[in-house]
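Peer 1: Once you've had a glance at the structure underneath, I'll fire off some questions.
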Amino acid sequence: MHYIILCFVLALHLTSKLALMNTDNIQSQMKKGLLEFCILSIISRGEAYPSDISGELRESGMPVLEGTLYPLLTRLKNAGYLEYRWVESQSGPPRKYFTMSESGQAFYLSLQQTWVEISAAVNKITQQPQA
Amino acid sequence: MDKILQISYQGRNLSFEESAYLQFQEYEATLHTYFLKEEGGEEIFQDLQNRMAEILEQQNKDQAITSEEVQYIISIIGQPQDFDDASENSTEGPNMEKEPASKEARKLFRDKKNRMIAGVCSGIAHYFNIDPIAVRLAFVIFALFNLATFFALNLSVVGYIVLWAILTPKQLEPGLTSRLFRNPNDKVLGGVCSGLAQFFNTETWIVRLIMVAPLILSMVSSNRYHMPFHIIGDSLASLVFIIYVLLWFITPIAKSSTDYMLLKGEPINLNTLQNSTSKQNVMKQSSLGINKFLKMIAYFFLVIIIFSVVMSLAGIGLSAFFASDIAELILFSATNKTMSLIGLILVIGLPIIASIIWLYRRILGYSYSGKSIRITFVGLWMLGFLCIAFVSANLIKRMHTFSKSSERMTLQVVSDTLIVDTDLLKDSFNHHTFFELNNLNRLVKHTNQGVQVQSVRLLHEESPDQQFHVLIERGGFGAGQKDAAQQIARPIFSTSFSQNKLMMPPYIIVSAKEAYQLQHVTVTVFVPKGKTMIVSGRLKEALKHDFHFGDNEYEWDWDDETWSKENDEIIRIKGEPNTTEDIDIQSDQEEIQEATQALKKTEEESLAEIREKEAELAKTKEEARKKIQEAADNLKKTLHDTMHNKP
């Protein structure tokens with residue numbers, strides 16, 4: 001009987017804990033949505049090497065881990081938006097340089113369109129004078 | 001100073017400090033396991049390896065690489081938990097981009113990232129925003145219950161497979177709720193208890209005590225005859241054991257520091273991460289190699305277990321069906337036979353092939369498998385079910401009505417003993433038993449006259465009077481009463497009786513040109529009280545593998561038999577009630593006897609009355625005759641007198 005009560009109490013404890021833990025990280029969500037757009041934008045200017053991309057992002061104040069960048073590039077490549085080329089380097093194996101494909105260009109333009117609309121809307125909303 | 005290691009990594013020669021190299025290797029392993037779960041993960045990992053080699057080379061040209069450099073790499077590439085967030089929407093293209101995040105969460109997907117088999121449970125958990133462990137536990141328990149009741153229609157397994165086929169796979173980011181992991185740092189068996197303790201924020205020993213308590217309880221109480229206590233202890237112990245093993249299999253082992261954070265329900269941020277990484281790195285280094293080895297062994301055993309289970313299931317299913325001639329007789333038509341063959345191969349064979357493929361891929365580390373292949377598999381499996389359903393429907397159509405006919409005979413037994421015997425031996429039946437299931441084959445034998453089917457059984461009952469009786473009942477199935485009645489008349493079964501010997505065959509003979517409609521014969525011998533019935537040993541032996549339809553009492557019910565070895569006979573002596581049923585019958589018998597006696601009495605009484613009356617009647621008749629005689633004599637006398645006087 002004590003055992004059952006103990007289990008019951010533990011179960012209650014668990015449910016209350018689970019209820020408390022539901023927090024969402026809005027900032028990371030925002031950043032996440034825009035990252036691809038930024039990467040595509042950098043590559044649209046010309047052939048790019050991943051570490052150069054991460055460097056540019058860092059300098060512009062949007063630091064990103066290479067562990068995030070590489071999977072993203074591979075996925076974009078698999079989706080047909082990017083193409084890559086092996087370039088010989090002075091030491092060690094060749095490096096992968098990424099360029100934009102035609103469909104990637106179109107995708108980038110549509111993202112840009114969306115961004116212009118959203119940023120205009122957000123600016124308009126957030127910069128309204130307080131009533 | 002540490003030992004310096006010369007390592008060739010990605011075509012570059014690098015020198016590491018030993019501790020730094022261990023750290024680097026571990027980090028690489030975490031990355032590898034993380035990316036392996038994804039599509040194209042191998043390529044991403046390859047790229048990252050290249051990149052890391054590049055960074056290391058740039059960092060340090062002359063000196064050995066220290067743990068600081070490794071930390072630097074980690075800071076550039078990042079820990080897996082840190083790039084979880086950023087890699088979401090990319091695969092889905094422009095459509096997904098426009099959908100709001102909340103709507104995306106409300107759709108049910110298969111979770112490709114966090115999965116055990118196909119990510120169905122994890123997807124459901126993500127949909128309801130709960131811990132996948134809970135869903136998996138519920139699923140497995142439900143599946144086990146189903147397994148216990150009926151294997152073929154295991155709803156949860158079928159449901160899982162259907163969901164597997166229907167749902168679209170998607171990389172789902174884990175919700176930020178606290179989740180259960182096994183804790184490898186503090187474990188006795190699988191680290192389940194300490195994981196639970198961390199999860200509930202309590203001491204490990206409390207959870208362990210709770211887990212072990214019912215076990216101790218049942219051990220202590222098993223010596224006493226305190227029933228409810230004992231049963232509760234035992235059932236709880238087994239329940240806890242099952243839950244532990246389930247959790248062991250279901251719960252992932254905590255690998256990264258995020259896992260530990262999630263386990264404890266702590267918020268994940270940079271400070272807490274750094275704290276825990278340094279702590280846990282030291283602890284885990286030594287166990288890495290052993291873990292791999294254990295995993296290999298575990299997979300090896302898993303393969304063996306699954307293989308043997310699957311093989312035995314297949315063996316039972318297939319041989320029970322096809323090794324037996326009885327199935328051939330019942331199915332009869334070529335369509336039925338081929339359909340059931342196809343059905344069984346698909347239903348039993350397909351999962352075998354699928355699981356072997358799955359294991360093979362699992363062991364080699366592939367995780368991708370095409371959706372179309374899966375759909376074909378499920379479709380074929382369903383087709384197998386349809387085939388079997390078709391055959392069953394055919395069979396039901398042919399024999400949905402049960403019919404019975406009986407024939408009663410009274411045997412004029414010369415002595416007090418009836419001998420039941422057979423002159424048709426069963427020795428000729430197939431005896432090459434491959435394994436027990438082939439007993440089914442012994443039921444049927446093809447001969448020139450027809451097919452011998454062993455569906456005869458012999459029962460005994462107490463006779464209501466002083467005579468031996470035999471009741472021969474024939475039963476069988478057909479399409480409708482009329483057909484069934486015709487069907488049961490078909491098989492040849494004849495008994496003969498002479499003096500005190502009843503001869504009966506141990507089988508019925510059916511025609512090989514017609515389907516077997518499960519015809520069977522029951523012979524019941526009614527033995528009067530105080531008399532004996534003897535069943536010969538060879539008849540009993542011949543009847544041993546009888547099988548029955550539509551009746552429950554099919555066991556050999558001769559529990560009061562006595563067995564004498566000398567003449568190889570079973571002797572049954574009547575009139576000694578040894579079961580309660582017998583007593584009931586006996587009391588009934590007595591009542592009947594009393595009633596008949598009473599009846600006899602009244603009959604006798606009335607007879608006596610009649611006799612008395614008859615006697616009276618006879619008396620009065622005699623008297624009347626005497627009187628008439630007298631009167632006649634008187635008349636004669638007077639006549640004579642007058643005749644003499646006149647002349």
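By convention here, the chains of the structure tokens are called A, B, ... in the order presented, each chain's residues are numbered starting at 1, and ligands are numbered starting at 1 in the order presented.
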Give me, as a list of chain:residue names, all polymer residues having an atom no more than 7 Å from Ala48 of chain A, counting only C-alpha atoms and skipping those fewer than 4 positions away in the same chain.

Peer 2: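 Using only C-alpha atoms, the neighbours found are A:Ile43, A:Asp52, A:Ile53, A:Tyr97, A:Phe98, A:Thr99.
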